[in-house]
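Shown below: model.cif, with mmCIF, C-alpha atoms.
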data_structure
#
loop_
_atom_site.label_atom_id
_atom_site.label_comp_id
_atom_site.auth_asym_id
_atom_site.auth_seq_id
_atom_site.Cartn_x
_atom_site.Cartn_y
_atom_site.Cartn_z
CA MET A 1 0.00 0.00 0.00
CA ILE A 2 1.20 3.49 -0.84
CA GLU A 3 2.00 5.77 2.12
CA LYS A 4 2.36 9.55 2.24
CA PHE A 5 3.36 11.98 4.95
CA ALA A 6 0.77 14.47 6.21
CA ARG A 7 3.07 17.38 5.37
CA GLU A 8 2.97 16.45 1.68
CA SER A 9 -0.67 17.54 1.50
CA TYR A 10 -0.12 20.99 3.04
CA THR A 11 -1.79 23.67 0.93
CA GLU A 12 -2.02 27.40 1.49
CA MET A 13 -4.29 29.70 -0.49
CA ASN A 14 -4.63 33.49 -0.31
CA GLU A 15 -7.55 35.61 -1.48
CA LEU A 16 -8.07 39.37 -1.32
CA VAL A 17 -11.58 40.33 -0.17
CA LEU A 18 -13.01 42.56 -2.91
CA PRO A 19 -16.36 44.44 -2.99
CA ASN A 20 -18.03 41.62 -4.98
CA ASP A 21 -17.15 39.19 -2.13
CA THR A 22 -18.90 41.19 0.60
CA ASN A 23 -22.35 41.66 2.06
CA THR A 24 -24.05 45.01 2.79
CA PHE A 25 -21.97 45.36 5.99
CA GLY A 26 -18.66 45.17 4.12
CA ASN A 27 -17.90 41.69 5.48
CA LEU A 28 -16.88 38.65 3.47
CA MET A 29 -19.96 36.56 2.66
CA GLY A 30 -19.90 33.21 4.46
CA GLY A 31 -20.74 31.33 1.28
CA ARG A 32 -17.72 32.82 -0.50
CA LEU A 33 -15.45 31.71 2.34
CA LEU A 34 -16.92 28.18 2.24
CA TYR A 35 -16.28 28.10 -1.51
CA TRP A 36 -12.63 29.09 -1.06
CA MET A 37 -12.28 26.56 1.76
CA ASP A 38 -13.68 23.80 -0.46
CA ILE A 39 -11.14 24.60 -3.18
CA CYS A 40 -8.16 24.74 -0.81
CA SER A 41 -9.08 21.55 1.07
CA ALA A 42 -9.79 19.68 -2.19
CA ILE A 43 -6.31 20.59 -3.42
CA ALA A 44 -4.81 19.20 -0.18
CA ALA A 45 -6.83 15.99 -0.56
CA GLN A 46 -5.81 15.61 -4.21
CA LYS A 47 -2.15 16.13 -3.29
CA HIS A 48 -2.43 13.25 -0.85
CA CYS A 49 -4.12 10.76 -3.14
CA SER A 50 -2.98 12.00 -6.56
CA ASN A 51 -6.56 11.60 -7.66
CA VAL A 52 -9.80 13.47 -8.22
CA VAL A 53 -11.86 13.88 -5.03
CA VAL A 54 -15.42 14.92 -4.24
CA THR A 55 -16.62 16.71 -1.12
CA VAL A 56 -18.83 14.49 1.06
CA SER A 57 -18.95 16.33 4.37
CA VAL A 58 -18.40 19.77 5.86
CA ASP A 59 -18.15 19.82 9.62
CA ASN A 60 -19.41 22.64 11.77
CA VAL A 61 -17.92 25.93 10.64
CA SER A 62 -18.01 28.69 13.22
CA PHE A 63 -17.43 32.29 12.22
CA LYS A 64 -15.33 33.61 15.11
CA ARG A 65 -14.63 37.00 13.54
CA SER A 66 -15.88 38.86 10.50
CA ILE A 67 -13.47 39.23 7.62
CA LYS A 68 -13.54 42.75 6.22
CA LEU A 69 -13.35 44.24 2.75
CA GLY A 70 -9.69 44.68 1.79
CA GLU A 71 -8.34 42.00 4.12
CA VAL A 72 -6.35 39.05 2.82
CA VAL A 73 -7.77 35.63 3.66
CA THR A 74 -5.22 32.85 4.15
CA ILE A 75 -6.50 29.29 4.20
CA GLN A 76 -4.14 26.55 5.39
CA ALA A 77 -5.23 22.98 4.74
CA GLN A 78 -3.69 19.58 5.46
CA VAL A 79 -4.94 16.00 5.43
CA THR A 80 -5.30 14.69 8.99
CA ARG A 81 -6.22 11.09 8.23
CA ALA A 82 -6.96 8.80 5.31
CA PHE A 83 -9.40 5.92 5.60
CA ASN A 84 -10.30 3.48 2.79
CA SER A 85 -11.40 5.90 0.09
CA SER A 86 -12.05 8.98 2.21
CA LEU A 87 -9.79 11.67 3.64
CA GLU A 88 -10.31 14.26 6.36
CA VAL A 89 -8.79 17.71 5.79
CA ARG A 90 -8.34 20.29 8.56
CA MET A 91 -8.27 23.98 7.75
CA GLU A 92 -7.34 27.11 9.63
CA ILE A 93 -8.39 30.46 8.23
CA PHE A 94 -6.73 33.79 8.95
CA ALA A 95 -7.54 37.39 8.03
CA SER A 96 -4.69 39.84 7.52
CA ASN A 97 -4.88 43.61 7.31
CA LEU A 98 -1.68 44.26 5.39
CA PRO A 99 -1.46 48.06 5.96
CA GLU A 100 -1.90 47.55 9.72
CA GLY A 101 0.28 44.43 9.83
CA THR A 102 -2.30 42.35 11.70
CA ARG A 103 -3.26 38.69 11.31
CA VAL A 104 -6.16 37.05 13.17
CA LYS A 105 -7.47 33.47 13.11
CA THR A 106 -11.11 33.64 12.06
CA ASN A 107 -12.21 30.05 11.42
CA GLU A 108 -11.29 26.40 11.43
CA ALA A 109 -13.09 23.44 9.94
CA TYR A 110 -12.84 19.87 8.73
CA TYR A 111 -13.95 18.74 5.29
CA THR A 112 -14.19 15.12 4.18
CA PHE A 113 -13.53 13.97 0.63
CA VAL A 114 -13.78 10.68 -1.23
CA ALA A 115 -11.40 9.77 -4.04
CA VAL A 116 -13.26 8.59 -7.13
CA ASP A 117 -12.29 6.82 -10.34
CA ALA A 118 -13.38 7.73 -13.89
CA ASP A 119 -16.77 6.05 -13.30
CA ASN A 120 -17.31 8.05 -10.09
CA ASN A 121 -16.77 4.98 -7.88
CA PRO A 122 -14.82 5.26 -4.61
CA LYS A 123 -11.11 4.55 -4.99
CA ALA A 124 -8.55 3.53 -2.35
CA VAL A 125 -6.30 6.29 -1.04
CA PRO A 126 -2.74 6.14 0.34
CA VAL A 127 -2.20 5.61 4.06
CA LEU A 128 -1.36 8.84 5.90
CA ILE A 129 1.75 8.96 8.06
CA PRO A 130 1.71 11.64 10.78
CA GLU A 131 5.12 12.87 11.95
CA THR A 132 4.75 15.72 14.42
CA GLU A 133 2.96 15.65 17.77
CA SER A 134 0.14 17.82 16.43
CA GLU A 135 -0.23 15.58 13.35
CA HIS A 136 -0.44 12.49 15.60
CA LYS A 137 -3.13 14.15 17.74
CA ALA A 138 -5.16 15.20 14.68
CA TYR A 139 -4.78 11.68 13.28
CA GLU A 140 -6.10 10.04 16.48
CA ASP A 141 -8.93 12.55 16.93
CA ALA A 142 -10.03 12.06 13.31
CA LEU A 143 -11.51 8.67 14.15
CA GLN A 144 -13.91 10.24 16.70
CA ARG A 145 -14.95 12.90 14.20
CA ARG A 146 -15.49 10.21 11.56
CA GLU A 147 -17.70 8.17 13.88
CA LEU A 148 -19.77 11.25 14.67
CA ARG A 149 -20.16 12.07 10.94
CA LEU A 150 -21.25 8.49 10.23
CA ILE A 151 -23.79 8.54 13.09
CA LEU A 152 -25.25 11.84 11.87
CA ALA A 153 -25.45 10.43 8.32
CA GLY A 154 -27.27 7.32 9.60
CA LYS A 155 -24.43 5.03 8.50
CA LEU A 156 -23.28 3.99 11.99
CA LYS A 157 -25.28 3.08 15.07
CA PRO A 158 -24.20 5.03 18.17
CA GLU A 159 -23.59 1.79 20.09
CA ASN A 160 -20.95 0.82 17.49
CA ALA A 161 -18.98 4.07 17.84
CA LYS A 162 -16.10 2.75 19.96
CA LYS A 163 -13.93 5.89 19.95
CA LEU A 164 -16.87 8.15 20.82
CA LYS A 165 -17.95 5.79 23.61
CA ALA A 166 -14.46 5.94 25.09
CA LEU A 167 -14.49 9.75 24.92
CA VAL A 168 -17.92 10.00 26.60
CA SER A 169 -16.81 7.52 29.27
CA LEU A 170 -13.64 9.52 29.97
CA PHE A 171 -15.63 12.77 30.14
CA SER A 172 -18.18 11.20 32.51
CA GLN A 173 -15.40 10.04 34.86
CA LYS A 174 -13.94 13.56 35.06
CA ASN A 175 -17.31 15.06 36.04
#
Translate this file's structure into structure tokens.
Amino acid sequence: MIEKFARESYTEMNELVLPNDTNTFGNLMGGRLLYWMDICSAIAAQKHCSNVVVTVSVDNVSFKRSIKLGEVVTIQAQVTRAFNSSLEVRMEIFASNLPEGTRVKTNEAYYTFVAVDADNNPKAVPVLIPETESEHKAYEDALQRRELRLILAGKLKPENAKKLKALVSLFSQKN
């Protein structure tokens, strides 16, 4: 089986927020940001599997801070884990005001993709090898997020979610 390092999928994309990207308050429209995030994370997923991918899931995206007209949006994406034919990609989003020299984290999210062949059938993806401590943590935590996605999609029964059960049990013991 082919293996790839997590770092090989790292992708960074920059976009300048122009008037056509904003709402009536001069803030970046959420849909435009989601669009840019989909592009950036798809590139990271395709780097990992050297294959076409399709978006299958977008986790909760919280808007922690508005992004203003004229700011530069930086999206950093990297694959956190690869399963059989699916991949999870984590993103961090920053807004920079270049004249003021400021940079603020505004969002983070996880997108899930499936690699597909020419007939649009799922295709196996390379195994992901985490190297750093943060990559190992993201890799381990990805299984819990996957179980939650599968439960919400009706593809996994809650009683079969072993990683989530362990997390709930640990949380219950602490409280």
Just how far from atom CA of A:Gln76 is atom CA of A:Val114, in Å to one decimal? 19.7 Å
Which of these, A:Thr102, A:Asn107, A:Ser50, A:Thr80, has the shortest distance to A:Leu34 once you count only C-alpha atoms?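 Looking at the shortest contact to A:Leu34, the residue is A:Asn107.
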Using 12 Å as the limit and counting only C-alpha atoms, can you tabulate each residue of stretch 23-59 of chain A that touches stretch 151-159 of chain A, with its shortest atom-to-atom distance in Å and the two atoms involved, as JSON lines?
{"residue": "A:Val56", "atom": "CA", "partner": "A:Ala153", "partner_atom": "CA", "distance": 10.6}
{"residue": "A:Ser57", "atom": "CA", "partner": "A:Ala153", "partner_atom": "CA", "distance": 9.6}
{"residue": "A:Val58", "atom": "CA", "partner": "A:Ala153", "partner_atom": "CA", "distance": 12.0}
{"residue": "A:Asp59", "atom": "CA", "partner": "A:Leu152", "partner_atom": "CA", "distance": 10.9}
Can you tell me which residues surround A:Val125 at a distance of at most 7 Å, considering all atoms listed in the file, apart from same-chain residues fewer than 6 positions away, and format the answer as a PyMOL selection string? chain A and resi 49+82+84-85+115
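For the atom pair formed by atom CA of A:Leu18 and atom CA of A:Glu71, the distance is 8.5 Å, given to one decimal.
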